[in-house]
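Novice: Structure: start04.tsv, TSV, C-alpha atoms and all ligand atoms.
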chain	number	residue	atom	x	y	z
X	1	MET	CA	-16.28	-11.99	-16.72
X	2	SER	CA	-17.85	-12.63	-13.30
X	3	PHE	CA	-16.36	-13.73	-9.97
X	4	GLU	CA	-18.32	-16.99	-10.27
X	5	SER	CA	-16.67	-17.85	-13.57
X	6	LEU	CA	-13.24	-17.53	-11.94
X	7	GLY	CA	-13.99	-20.58	-9.81
X	8	LEU	CA	-14.79	-18.79	-6.56
X	9	SER	CA	-17.54	-20.18	-4.40
X	10	HIS	CA	-20.62	-18.64	-2.89
X	11	ASN	CA	-19.01	-17.83	0.49
X	12	ILE	CA	-16.25	-15.75	-1.03
X	13	ILE	CA	-18.62	-14.09	-3.48
X	14	SER	CA	-20.89	-12.97	-0.59
X	15	SER	CA	-17.98	-10.89	0.72
X	16	VAL	CA	-17.27	-9.53	-2.76
X	17	LYS	CA	-20.91	-8.38	-2.96
X	18	GLN	CA	-20.77	-6.81	0.51
X	19	LEU	CA	-17.67	-4.90	-0.53
X	20	GLY	CA	-19.51	-3.65	-3.60
X	21	TYR	CA	-17.10	-5.13	-6.15
X	22	LEU	CA	-19.07	-5.45	-9.37
X	23	LYS	CA	-16.64	-7.45	-11.45
X	24	PRO	CA	-13.08	-8.70	-11.17
X	25	PHE	CA	-10.26	-6.25	-11.87
X	26	PRO	CA	-7.92	-7.34	-14.71
X	27	ILE	CA	-5.25	-8.75	-12.40
X	28	GLN	CA	-7.91	-10.80	-10.58
X	29	GLU	CA	-9.43	-12.05	-13.82
X	30	GLN	CA	-6.08	-13.22	-15.09
X	31	ALA	CA	-4.40	-14.47	-11.94
X	32	ILE	CA	-7.09	-16.11	-9.81
X	33	PRO	CA	-7.58	-19.22	-11.98
X	34	PHE	CA	-3.81	-19.86	-11.92
X	35	ILE	CA	-3.57	-19.38	-8.15
X	36	LEU	CA	-6.55	-21.71	-7.64
X	37	SER	CA	-4.90	-24.36	-9.80
X	38	GLY	CA	-1.80	-24.31	-7.58
X	39	LYS	CA	0.59	-22.68	-10.07
X	40	ASP	CA	3.43	-20.35	-9.04
X	41	LEU	CA	2.61	-16.89	-10.25
X	42	MET	CA	4.20	-13.51	-10.51
X	43	GLY	CA	1.91	-10.52	-10.89
X	44	ILE	CA	3.38	-7.28	-12.12
X	45	ALA	CA	0.90	-4.85	-10.65
X	46	GLN	CA	0.74	-1.72	-8.57
X	47	THR	CA	-1.23	-1.11	-5.43
X	48	GLY	CA	-4.62	0.08	-6.55
X	49	SER	CA	-4.86	-2.72	-9.10
X	50	GLY	CA	-6.77	-4.96	-6.67
X	51	LYS	CA	-3.83	-7.29	-6.08
X	52	THR	CA	-4.60	-7.93	-2.40
X	53	ALA	CA	-8.03	-9.44	-3.09
X	54	CYS	CA	-6.36	-11.24	-5.99
X	55	PHE	CA	-4.45	-13.52	-3.63
X	56	VAL	CA	-6.76	-13.32	-0.60
X	57	MET	CA	-9.76	-14.78	-2.46
X	58	PRO	CA	-8.14	-17.92	-3.96
X	59	ILE	CA	-6.16	-18.62	-0.78
X	60	LEU	CA	-9.33	-18.61	1.31
X	61	GLU	CA	-11.20	-20.54	-1.36
X	62	LYS	CA	-8.72	-23.39	-1.01
X	63	LEU	CA	-8.31	-23.13	2.74
X	64	GLN	CA	-11.98	-23.31	3.61
X	65	VAL	CA	-12.15	-26.97	2.63
X	66	GLU	CA	-9.02	-27.99	4.52
X	67	VAL	CA	-8.89	-29.55	7.97
X	68	VAL	CA	-8.49	-27.08	10.81
X	69	LYS	CA	-5.14	-27.21	12.56
X	70	ARG	CA	-4.54	-25.70	15.95
X	71	ASP	CA	-0.81	-25.54	16.36
X	72	ARG	CA	2.03	-23.16	15.68
X	73	ASN	CA	2.73	-24.39	12.14
X	74	ILE	CA	1.85	-21.61	9.75
X	75	GLU	CA	0.59	-22.82	6.38
X	76	ILE	CA	-0.03	-19.59	4.55
X	77	LEU	CA	2.56	-16.83	4.82
X	78	VAL	CA	2.38	-13.38	3.26
X	79	LEU	CA	5.67	-11.47	3.40
X	80	VAL	CA	5.56	-7.70	3.05
X	81	PRO	CA	8.10	-4.88	3.33
X	82	THR	CA	6.21	-2.56	5.70
X	83	ARG	CA	4.05	-2.70	8.82
X	84	GLU	CA	1.33	-0.59	7.20
X	85	LEU	CA	0.98	-3.07	4.36
X	86	ALA	CA	0.93	-5.99	6.82
X	87	ILE	CA	-1.98	-4.44	8.73
X	88	GLN	CA	-3.83	-3.56	5.55
X	89	ILE	CA	-3.54	-7.06	4.07
X	90	ASP	CA	-4.62	-8.73	7.30
X	91	GLU	CA	-7.69	-6.49	7.32
X	92	VAL	CA	-8.63	-7.73	3.83
X	93	PHE	CA	-8.22	-11.36	4.98
X	94	ARG	CA	-10.51	-10.62	7.92
X	95	VAL	CA	-13.21	-9.12	5.73
X	96	PHE	CA	-13.19	-12.17	3.47
X	97	THR	CA	-13.19	-14.71	6.31
X	98	THR	CA	-16.41	-13.39	7.85
X	99	ASN	CA	-18.69	-15.31	5.46
X	100	LEU	CA	-16.78	-18.60	5.48
X	101	LYS	CA	-18.25	-21.77	6.96
X	102	ARG	CA	-15.38	-22.30	9.32
X	103	GLU	CA	-13.32	-19.86	11.37
X	104	ILE	CA	-9.88	-19.07	10.00
X	105	LYS	CA	-7.48	-17.28	12.30
X	106	THR	CA	-5.28	-14.66	10.64
X	107	MET	CA	-2.71	-12.33	12.12
X	108	ALA	CA	-0.30	-9.55	11.12
X	109	VAL	CA	3.11	-9.31	12.78
X	110	TYR	CA	5.67	-6.53	12.35
X	111	GLY	CA	8.43	-4.81	14.26
X	112	GLY	CA	8.28	-1.63	16.31
X	113	VAL	CA	5.72	-3.04	18.76
X	114	SER	CA	6.03	-5.50	21.65
X	115	ILE	CA	6.67	-9.08	20.55
X	116	ASN	CA	4.88	-10.73	23.49
X	117	PRO	CA	1.26	-10.36	22.33
X	118	GLN	CA	2.35	-11.62	18.91
X	119	MET	CA	3.96	-14.69	20.48
X	120	LYS	CA	0.90	-15.40	22.60
X	121	GLY	CA	-1.52	-14.89	19.74
X	122	MET	CA	0.21	-17.29	17.37
X	123	LEU	CA	-1.51	-20.51	18.43
X	124	GLY	CA	-3.94	-21.63	15.72
X	125	VAL	CA	-2.97	-18.94	13.22
X	126	GLU	CA	-3.41	-20.26	9.69
X	127	ILE	CA	-2.63	-17.16	7.68
X	128	LEU	CA	0.21	-14.95	8.82
X	129	THR	CA	1.14	-11.63	7.22
X	130	ALA	CA	4.59	-10.56	8.34
X	131	THR	CA	7.55	-8.30	7.83
X	132	PRO	CA	10.74	-10.40	7.51
X	133	GLY	CA	12.68	-9.18	10.55
X	134	ARG	CA	9.92	-9.70	13.10
X	135	LEU	CA	9.06	-13.05	11.57
X	136	LEU	CA	12.64	-14.25	12.12
X	137	ASP	CA	12.51	-13.01	15.73
X	138	LEU	CA	9.30	-14.94	16.31
X	139	ILE	CA	10.75	-18.09	14.75
X	140	ASN	CA	13.88	-17.77	16.87
X	141	SER	CA	11.67	-17.44	19.96
X	142	LYS	CA	9.92	-20.68	18.93
X	143	ALA	CA	6.60	-18.86	18.70
X	144	LEU	CA	5.90	-20.45	15.33
X	145	SER	CA	7.29	-22.65	12.62
X	146	ILE	CA	7.30	-22.09	8.87
X	147	SER	CA	8.48	-25.61	8.02
X	148	HIS	CA	4.98	-26.56	6.85
X	149	ILE	CA	4.28	-23.58	4.60
X	150	GLN	CA	2.05	-24.56	1.70
X	151	HIS	CA	1.59	-21.17	0.11
X	152	LEU	CA	4.03	-18.27	0.24
X	153	VAL	CA	3.00	-14.83	-0.99
X	154	ILE	CA	5.59	-12.09	-1.37
X	155	ASP	CA	3.99	-8.70	-1.86
X	156	GLU	CA	5.91	-5.69	-3.20
X	157	ALA	CA	8.87	-7.98	-3.88
X	158	ASP	CA	10.75	-5.18	-5.60
X	159	LYS	CA	10.47	-2.93	-2.57
X	160	MET	CA	11.50	-5.80	-0.32
X	161	PHE	CA	14.85	-5.85	-2.11
X	162	GLN	CA	15.19	-2.09	-2.29
X	163	LEU	CA	14.84	-2.01	1.47
X	164	GLY	CA	17.57	-4.64	1.85
X	165	PHE	CA	15.51	-7.60	3.07
X	166	GLU	CA	17.48	-10.00	0.86
X	167	ASP	CA	19.39	-11.72	3.67
X	168	GLU	CA	16.31	-12.12	5.83
X	169	LEU	CA	14.43	-13.54	2.88
X	170	LYS	CA	17.19	-16.09	2.26
X	171	GLN	CA	17.13	-17.15	5.90
X	172	LEU	CA	13.36	-17.53	5.80
X	173	LEU	CA	13.36	-19.51	2.56
X	174	ALA	CA	15.86	-21.95	4.04
X	175	LEU	CA	13.34	-22.68	6.81
X	176	MET	CA	10.44	-23.36	4.44
X	177	PRO	CA	9.75	-26.59	2.53
X	178	LYS	CA	10.93	-26.60	-1.10
X	179	LYS	CA	7.58	-27.85	-2.29
X	180	LYS	CA	5.05	-25.07	-1.89
X	181	GLN	CA	3.04	-22.68	-4.01
X	182	THR	CA	4.55	-19.22	-4.44
X	183	THR	CA	2.75	-16.06	-5.50
X	184	LEU	CA	4.75	-12.87	-5.95
X	185	PHE	CA	3.75	-9.32	-6.69
X	186	SER	CA	6.01	-6.57	-7.85
X	187	ALA	CA	5.41	-3.11	-9.30
X	188	THR	CA	8.18	-3.58	-11.82
X	189	LEU	CA	9.73	-6.43	-13.72
X	190	ASN	CA	13.51	-6.06	-13.69
X	191	ASP	CA	16.69	-8.09	-13.36
X	192	LYS	CA	16.35	-8.10	-9.61
X	193	ILE	CA	13.00	-9.82	-9.85
X	194	GLU	CA	14.57	-12.49	-12.06
X	195	GLU	CA	17.09	-13.00	-9.26
X	196	ILE	CA	14.26	-13.40	-6.77
X	197	ASN	CA	12.76	-16.16	-8.88
X	198	GLN	CA	16.11	-17.92	-8.94
X	199	LEU	CA	16.39	-17.55	-5.20
X	200	LEU	CA	12.91	-19.01	-4.84
X	201	GLY	CA	13.69	-21.74	-7.35
X	202	ILE	CA	10.53	-21.08	-9.34
X	203	LYS	CA	9.53	-20.38	-12.92
X	204	PRO	CA	6.24	-18.61	-12.33
X	205	VAL	CA	3.50	-17.73	-14.77
X	206	VAL	CA	3.95	-13.98	-15.29
X	207	ILE	CA	0.93	-11.71	-15.48
X	208	GLU	CA	1.29	-8.04	-16.14
X	209	VAL	CA	-1.47	-5.48	-15.88
X	210	ALA	CA	-1.40	-1.83	-16.84
X	211	SER	CA	0.77	0.03	-14.39
X	212	GLU	CA	-0.31	2.92	-12.22
X	213	GLU	CA	1.60	5.19	-14.58
X	214	ALA	CA	-0.83	4.22	-17.29
X	215	ASN	CA	-3.76	4.60	-14.94
X	216	ILE	CA	-3.26	8.20	-13.90
X	217	ASP	CA	-5.53	9.42	-16.69
X	218	HIS	CA	-8.44	9.97	-14.34
X	219	ILE	CA	-6.31	12.07	-11.95
X	220	ASP	CA	-6.70	15.77	-12.60
X	221	GLN	CA	-3.17	17.17	-12.26
X	222	ILE	CA	-2.61	20.86	-11.53
X	223	ALA	CA	0.58	22.72	-10.67
X	224	TYR	CA	0.94	26.19	-9.14
X	225	HIS	CA	3.96	28.43	-9.31
X	226	VAL	CA	4.68	29.81	-5.83
X	227	THR	CA	7.59	31.36	-3.95
X	228	ALA	CA	9.23	29.93	-0.84
X	229	GLU	CA	7.38	32.60	1.16
X	230	SER	CA	3.96	32.22	-0.45
X	231	LYS	CA	3.94	28.42	-0.39
X	232	GLY	CA	2.57	28.02	3.15
X	233	PRO	CA	-0.14	30.68	2.82
X	234	PHE	CA	-1.09	29.37	-0.61
X	235	LEU	CA	-1.55	25.85	0.77
X	236	ARG	CA	-3.85	27.19	3.47
X	237	TYR	CA	-5.69	29.27	0.87
X	238	LEU	CA	-6.23	26.16	-1.28
X	239	ILE	CA	-7.55	24.13	1.65
X	240	LYS	CA	-9.82	26.85	2.97
X	241	GLU	CA	-11.08	28.31	-0.30
X	242	ASN	CA	-11.88	24.87	-1.74
X	243	LYS	CA	-13.31	23.69	1.59
X	244	MET	CA	-11.14	20.58	1.39
X	245	THR	CA	-12.18	18.07	4.01
X	246	GLN	CA	-9.69	15.28	3.33
X	247	VAL	CA	-6.33	16.10	1.82
X	248	LEU	CA	-3.05	14.22	1.85
X	249	VAL	CA	-0.05	16.57	1.73
X	250	PHE	CA	3.36	15.19	0.81
X	251	VAL	CA	6.63	16.69	2.01
X	252	SER	CA	10.20	15.48	1.68
X	253	SER	CA	11.39	15.46	5.27
X	254	THR	CA	10.23	14.67	8.77
X	255	ARG	CA	11.16	18.18	9.89
X	256	THR	CA	9.02	19.88	7.26
X	257	ALA	CA	6.15	17.52	8.08
X	258	ASP	CA	6.13	18.55	11.75
X	259	LYS	CA	6.65	22.25	10.99
X	260	LEU	CA	3.82	22.23	8.46
X	261	VAL	CA	1.42	20.56	10.90
X	262	ASP	CA	2.21	23.25	13.51
X	263	LYS	CA	1.49	26.00	11.01
X	264	LEU	CA	-1.77	24.41	9.85
X	265	LEU	CA	-2.96	23.92	13.42
X	266	LYS	CA	-2.18	27.57	14.21
X	267	ASN	CA	-4.40	28.45	11.28
X	268	LYS	CA	-7.25	26.29	12.56
X	269	ILE	CA	-6.82	23.53	10.02
X	270	ARG	CA	-6.99	20.12	11.69
X	271	ALA	CA	-3.74	18.43	10.66
X	272	ILE	CA	-1.64	15.50	11.73
X	273	SER	CA	1.58	13.98	10.41
X	274	ILE	CA	2.92	10.55	9.63
X	275	HIS	CA	6.61	9.82	9.07
X	276	GLY	CA	9.40	7.42	9.91
X	277	GLN	CA	10.16	8.97	13.27
X	278	LYS	CA	6.69	8.38	14.65
X	279	SER	CA	6.11	5.19	16.60
X	280	GLN	CA	4.27	2.39	14.88
X	281	GLY	CA	1.26	2.95	17.14
X	282	SER	CA	0.94	6.62	16.35
X	283	ARG	CA	1.47	6.05	12.62
X	284	ARG	CA	-1.41	3.58	12.65
X	285	ASP	CA	-3.63	5.85	14.76
X	286	HIS	CA	-2.92	8.91	12.64
X	287	LEU	CA	-3.75	7.06	9.45
X	288	ASP	CA	-6.98	5.82	11.06
X	289	TYR	CA	-8.01	9.34	12.19
X	290	PHE	CA	-7.42	10.58	8.68
X	291	LYS	CA	-9.30	7.70	7.05
X	292	LYS	CA	-12.26	8.25	9.39
X	293	GLY	CA	-12.30	11.99	8.66
X	294	ASP	CA	-11.36	13.07	12.22
X	295	VAL	CA	-8.62	15.25	10.77
X	296	GLN	CA	-8.68	17.27	7.59
X	297	VAL	CA	-5.05	17.11	6.55
X	298	LEU	CA	-2.52	14.30	6.76
X	299	VAL	CA	1.03	15.51	6.15
X	300	ALA	CA	3.23	12.62	5.09
X	301	THR	CA	6.68	11.75	3.84
X	302	ASP	CA	7.18	9.17	1.10
X	303	LEU	CA	6.83	6.50	3.76
X	304	ILE	CA	3.19	6.18	2.77
X	305	GLY	CA	3.65	7.18	-0.87
X	306	ARG	CA	3.26	3.55	-1.83
X	307	GLY	CA	1.09	0.73	-0.77
X	308	ILE	CA	-1.42	2.66	1.29
X	309	HIS	CA	-5.03	2.81	0.32
X	310	ILE	CA	-7.36	5.54	1.56
X	311	ASP	CA	-10.86	4.96	0.27
X	312	GLY	CA	-12.08	7.71	-2.06
X	313	LEU	CA	-9.30	10.18	-1.18
X	314	PRO	CA	-10.21	13.26	-3.26
X	315	VAL	CA	-7.01	15.35	-3.16
X	316	VAL	CA	-3.25	14.91	-2.90
X	317	ILE	CA	-0.99	17.96	-2.63
X	318	ASN	CA	2.76	17.89	-3.25
X	319	PHE	CA	3.94	20.65	-0.92
X	320	GLU	CA	7.44	19.63	-1.91
X	321	LEU	CA	8.40	17.91	-5.14
X	322	PRO	CA	9.82	14.39	-4.76
X	323	ARG	CA	13.18	13.70	-6.37
X	324	SER	CA	12.12	10.52	-8.13
X	325	PRO	CA	9.54	10.70	-10.93
X	326	LEU	CA	8.28	7.30	-9.79
X	327	ASP	CA	7.65	8.66	-6.29
X	328	TYR	CA	5.64	11.47	-7.86
X	329	VAL	CA	3.43	8.93	-9.63
X	330	HIS	CA	3.08	6.84	-6.49
X	331	ARG	CA	2.15	9.89	-4.43
X	332	ILE	CA	-0.52	11.16	-6.80
X	333	GLY	CA	-1.76	7.58	-7.21
X	334	ARG	CA	-3.13	7.73	-3.62
X	335	THR	CA	-6.05	9.60	-5.15
X	336	GLY	CA	-8.15	8.48	-8.11
X	337	ARG	CA	-7.83	4.87	-6.97
X	338	ALA	CA	-10.10	2.02	-7.99
X	339	HIS	CA	-11.29	4.26	-10.84
X	340	ASP	CA	-12.47	7.17	-8.68
X	341	VAL	CA	-11.78	10.68	-9.89
X	342	GLY	CA	-9.04	12.51	-8.00
X	343	THR	CA	-7.09	15.76	-8.00
X	344	ALA	CA	-3.34	16.07	-7.58
X	345	ILE	CA	-1.92	19.53	-6.91
X	346	THR	CA	1.77	20.35	-6.98
X	347	LEU	CA	3.36	23.52	-5.61
X	348	LEU	CA	6.47	24.60	-7.48
X	349	THR	CA	9.07	27.21	-6.69
X	350	ASP	CA	11.52	28.49	-9.32
X	351	GLU	CA	14.04	25.82	-8.32
X	352	ASP	CA	11.50	23.04	-8.94
X	353	LEU	CA	10.47	24.02	-12.46
X	354	HIS	CA	13.23	22.18	-14.31
X	355	HIS	CA	12.83	19.03	-12.28
X	356	PHE	CA	9.07	19.10	-12.76
X	357	SER	CA	9.58	19.12	-16.53
X	358	VAL	CA	11.72	15.99	-16.12
X	359	ILE	CA	8.92	14.34	-14.13
X	360	GLN	CA	6.34	15.26	-16.77
X	361	LYS	CA	8.53	13.79	-19.50
X	362	LYS	CA	8.99	10.54	-17.58
X	363	MET	CA	5.27	10.11	-16.95
X	364	GLY	CA	4.42	11.16	-20.49
X	365	LYS	CA	1.96	13.83	-19.45
X	366	THR	CA	1.97	17.61	-19.53
X	367	VAL	CA	0.71	19.52	-16.53
X	368	THR	CA	-0.11	23.20	-16.87
X	369	VAL	CA	1.74	25.35	-14.34
X	370	LYS	CA	-0.55	28.16	-13.21
X	371	SER	CA	0.61	31.48	-11.86
X	372	THR	CA	-0.50	32.49	-8.37
X	373	ASP	CA	0.51	36.16	-8.74
X	374	GLU	CA	-3.10	37.33	-8.79
X	375	VAL	CA	-4.16	35.34	-5.74
X	376	ASN	CA	-4.72	37.51	-2.70
X	377	LEU	CA	-3.12	35.66	0.18
X	378	HIS	CA	-3.86	38.34	2.72
X	379	GLY	CA	-5.16	36.71	5.89
X	380	TYR	CA	-3.78	33.25	5.07
O	401	LIG	P1	-5.17	-3.02	-3.75
O	401	LIG	O1	-4.49	-2.94	-5.10
O	401	LIG	O2	-5.19	-4.42	-3.24
O	401	LIG	O3	-4.58	-2.04	-2.78
O	401	LIG	O4	-6.72	-2.63	-3.95
O	401	LIG	C1	-7.14	-1.32	-4.24
O	401	LIG	C2	-8.60	-1.08	-3.94
O	401	LIG	O5	-9.42	-1.71	-4.90
O	401	LIG	C3	-9.06	-1.60	-2.58
O	401	LIG	O6	-9.86	-0.61	-1.97
O	401	LIG	C4	-9.94	-2.77	-2.91
O	401	LIG	O7	-10.98	-2.95	-1.95
O	401	LIG	C5	-10.52	-2.37	-4.26
O	401	LIG	N1	-10.88	-3.53	-5.11
O	401	LIG	C6	-10.20	-4.70	-5.25
O	401	LIG	N2	-10.82	-5.48	-6.14
O	401	LIG	C7	-11.91	-4.81	-6.60
O	401	LIG	C8	-12.94	-5.09	-7.56
O	401	LIG	N3	-12.97	-6.22	-8.23
O	401	LIG	N4	-13.88	-4.14	-7.75
O	401	LIG	C9	-13.86	-2.96	-7.08
O	401	LIG	N5	-12.92	-2.63	-6.16
O	401	LIG	C10	-11.95	-3.54	-5.93
Would you kindly transcribe this structure into structure tokens?
Specialist:
Amino acid sequence: MSFESLGLSHNIISSVKQLGYLKPFPIQEQAIPFILSGKDLMGIAQTGSGKTACFVMPILEKLQVEVVKRDRNIEILVLVPTRELAIQIDEVFRVFTTNLKREIKTMAVYGGVSINPQMKGMLGVEILTATPGRLLDLINSKALSISHIQHLVIDEADKMFQLGFEDELKQLLALMPKKKQTTLFSATLNDKIEEINQLLGIKPVVIEVASEEANIDHIDQIAYHVTAESKGPFLRYLIKENKMTQVLVFVSSTRTADKLVDKLLKNKIRAISIHGQKSQGSRRDHLDYFKKGDVQVLVATDLIGRGIHIDGLPVVINFELPRSPLDYVHRIGRTGRAHDVGTAITLLTDEDLHHFSVIQKKMGKTVTVKSTDEVNLHGY
């Protein structure tokens, strides 16, 4: 199956070629023809499945032939639960608009930053990617209107509800026209998602692709048995001995993240952290530094366990074990994405061993736990 056979035109396919995509991913193959035909669709797919391009391509395909409008009526709205995802999706729209015949203005809006530039920039925006709260603020400030929405995309719908955006979503839906195309993505299909469809008043075509859980086969998982005392030195040993140049380290709290960065810096390992108590600006900058390779280690909480893509990330280390087995899978899924090979290393103390066996059972995979007794940590 080729991109051409999905009904995408030359302009969109030029971008696909530039990005080096050889053929459509399964979700794209199945969903794009439905989205192009105007059907409501629900995709059950994880990040990493190629779901962003899956809605970006058909939306632009249809929009490029439409008449340009230069007002504050948004026609295409993508709702997302987090600022990081908003920025990431807008970047994909920008890449795909570069080869189109006409200019299409896109924008991402989210909370935690000043609203004024967002209000000023809204004129002529055709595709808006937004978090619900900031979108409502902008509507209340009369910066834009969503009464002419033609296509609504809700990404990570399940997370949207977990994070309690239900009321905001209801308010937003009441401001949109009933007749519109809706495309939803969710990592899981559960009762809550059925409720969302009722709320939206749609009976979408449902497309499900293999979940990330099923796609962790190409991630090499290793676990090491450590003590509370040897954990820090062993992490530094791993990074230095293996000459790791780009490693994402997960911890469970903001405090540990900051403490760990201090320790790594003292040991001449370039590290930076990202967590909920950092400002939006610094979260974005830190992620950029890490993506560009300016720092070696990014220490993160589960804030970026989901939904964040770092091209070709070779290694993820769980410095602390997450409580939820699903979080474990999401964390390790930051590596080995888009069919790359990746390594996921987990450090376990005695207290973690039982819980790690629960995680292994849930993901249906066995990970060998290696002893570190023989490792000489002197000097680390
Ligand atoms: P997503 O699930 O949207 O986060 O996409 C995950 C990664 O897959 C991104 O880096 C995309 O650029 C990449 N990607 C999306 N579609 C394709 C494709 N057809 N071929 C190769 N890579 C792709």
Novice: Determine, counting only C-alpha atoms, which protein, DNA and RNA residues have an atom within 9 Å of an atom of Phe165 of chain X; residues of the same chain fewer than 6 positions away are not included. Present the result as a list in words.
Specialist: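 Neighbouring residues, sequence-local ones excluded: Pro81, Pro132, Gly133 and Lys159 of chain X.
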Novice: Write out as a tab-separated table the residues of chain X that have any atom within 10 Å of an atom of ligand LIG 401 (chain O), one row each with the nearest atom pair and its distance in Å to one decimal, counting all atoms listed in the file, sorted by chain and then rising number.
Specialist:
residue	atom	partner	partner_atom	distance
X:Ser2	CA	O:LIG401	N3	9.5
X:Phe3	CA	O:LIG401	N3	8.4
X:Val16	CA	O:LIG401	N3	7.7
X:Lys17	CA	O:LIG401	N4	9.5
X:Leu19	CA	O:LIG401	O7	7.1
X:Gly20	CA	O:LIG401	C9	6.7
X:Tyr21	CA	O:LIG401	N4	3.7
X:Leu22	CA	O:LIG401	N4	5.6
X:Lys23	CA	O:LIG401	N3	5.0
X:Pro24	CA	O:LIG401	N3	3.8
X:Phe25	CA	O:LIG401	N3	4.5
X:Pro26	CA	O:LIG401	N3	8.3
X:Ile27	CA	O:LIG401	N2	9.0
X:Gln28	CA	O:LIG401	N3	7.2
X:Glu29	CA	O:LIG401	N3	8.8
X:Ala45	CA	O:LIG401	O1	8.0
X:Gln46	CA	O:LIG401	O1	6.4
X:Thr47	CA	O:LIG401	O1	3.8
X:Gly48	CA	O:LIG401	O1	3.4
X:Ser49	CA	O:LIG401	O1	4.0
X:Gly50	CA	O:LIG401	O1	3.4
X:Lys51	CA	O:LIG401	O2	4.3
X:Thr52	CA	O:LIG401	O2	3.7
X:Ala53	CA	O:LIG401	C6	5.6
X:Cys54	CA	O:LIG401	N2	7.3
X:Phe55	CA	O:LIG401	O2	9.1
X:Val56	CA	O:LIG401	O2	9.4
X:Leu85	CA	O:LIG401	O3	9.1
X:Gln88	CA	O:LIG401	O3	8.5
X:Ile89	CA	O:LIG401	O2	7.9
X:Val92	CA	O:LIG401	O7	7.9
X:Arg306	CA	O:LIG401	O3	9.7
X:Gly307	CA	O:LIG401	O3	6.6
X:Ile308	CA	O:LIG401	O3	7.0
X:His309	CA	O:LIG401	O3	5.8
X:Ile310	CA	O:LIG401	O6	7.5
X:Asp311	CA	O:LIG401	O6	6.1
X:Gly312	CA	O:LIG401	O6	8.6
X:Arg334	CA	O:LIG401	O3	9.9
X:Arg337	CA	O:LIG401	C2	6.7
X:Ala338	CA	O:LIG401	O5	4.9
X:His339	CA	O:LIG401	N5	8.5
Novice: Smallest atom-to-atom distance to Gln18 of chain X: which of X:Leu60, X:Val95, X:Ala300, X:Leu287, using only C-alpha atoms?
Specialist: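 So, comparing all the options, the nearest one is X:Val95.
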Novice: Leaving out Ile87 of chain X and any residue of its chain fewer than 5 positions from it, which residues lie within 12 Å of it when counting all atoms listed in the file, given as a PDB file with C-alpha atoms, keeping the file's coordinate frame?
Specialist:
ATOM      1  CA  THR X  52      -4.600  -7.930  -2.400  1.00  0.00           C
ATOM      2  CA  VAL X  78       2.380 -13.380   3.260  1.00  0.00           C
ATOM      3  CA  LEU X  79       5.670 -11.470   3.400  1.00  0.00           C
ATOM      4  CA  VAL X  80       5.560  -7.700   3.050  1.00  0.00           C
ATOM      5  CA  PRO X  81       8.100  -4.880   3.330  1.00  0.00           C
ATOM      6  CA  THR X  82       6.210  -2.560   5.700  1.00  0.00           C
ATOM      7  CA  VAL X  92      -8.630  -7.730   3.830  1.00  0.00           C
ATOM      8  CA  PHE X  93      -8.220 -11.360   4.980  1.00  0.00           C
ATOM      9  CA  ARG X  94     -10.510 -10.620   7.920  1.00  0.00           C
ATOM     10  CA  THR X 106      -5.280 -14.660  10.640  1.00  0.00           C
ATOM     11  CA  MET X 107      -2.710 -12.330  12.120  1.00  0.00           C
ATOM     12  CA  ALA X 108      -0.300  -9.550  11.120  1.00  0.00           C
ATOM     13  CA  VAL X 109       3.110  -9.310  12.780  1.00  0.00           C
ATOM     14  CA  TYR X 110       5.670  -6.530  12.350  1.00  0.00           C
ATOM     15  CA  GLY X 111       8.430  -4.810  14.260  1.00  0.00           C
ATOM     16  CA  LEU X 128       0.210 -14.950   8.820  1.00  0.00           C
ATOM     17  CA  THR X 129       1.140 -11.630   7.220  1.00  0.00           C
ATOM     18  CA  ALA X 130       4.590 -10.560   8.340  1.00  0.00           C
ATOM     19  CA  THR X 131       7.550  -8.300   7.830  1.00  0.00           C
ATOM     20  CA  GLN X 280       4.270   2.390  14.880  1.00  0.00           C
ATOM     21  CA  GLY X 281       1.260   2.950  17.140  1.00  0.00           C
ATOM     22  CA  ARG X 283       1.470   6.050  12.620  1.00  0.00           C
ATOM     23  CA  ARG X 284      -1.410   3.580  12.650  1.00  0.00           C
ATOM     24  CA  LEU X 287      -3.750   7.060   9.450  1.00  0.00           C
ATOM     25  CA  ASP X 288      -6.980   5.820  11.060  1.00  0.00           C
ATOM     26  CA  GLY X 307       1.090   0.730  -0.770  1.00  0.00           C
ATOM     27  CA  ILE X 308      -1.420   2.660   1.290  1.00  0.00           C
ATOM     28  CA  HIS X 309      -5.030   2.810   0.320  1.00  0.00           C
TER      29      HIS X 309
END
Novice: Atom CA of Leu77 of chain X and atom CA of Leu152 of chain X are how many Å apart?
Specialist: 5.0 Å
Novice: Write out as a list of chain:residue names each polymer residue whose atoms come within 8 Å of Ser147 of chain X, counting only C-alpha atoms; drop sequence neighbours fewer than 5 positions from it.
Specialist: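 My list of contacting residues is X:Asn73, X:Ile74, X:Leu175, X:Met176, X:Pro177.
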Novice: Got time to write the residues from that selection, C-alpha atoms, as a PDB file, in the coordinates of the input?
Specialist:
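The resulting file, again_27.pdb, is shown below:
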ATOM      1  CA  ASN X  73       2.730 -24.390  12.140  1.00  0.00           C
ATOM      2  CA  ILE X  74       1.850 -21.610   9.750  1.00  0.00           C
ATOM      3  CA  LEU X 175      13.340 -22.680   6.810  1.00  0.00           C
ATOM      4  CA  MET X 176      10.440 -23.360   4.440  1.00  0.00           C
ATOM      5  CA  PRO X 177       9.750 -26.590   2.530  1.00  0.00           C
TER       6      PRO X 177
END
Novice: Considering only C-alpha atoms, state which residue in the set X:Glu241, X:Asp217, X:Glu166, X:Asp352 is at the smallest distance from Gly364 of chain X.
Specialist: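 Once distances to Gly364 of chain X are computed over only C-alpha atoms, the minimum belongs to X:Asp217.
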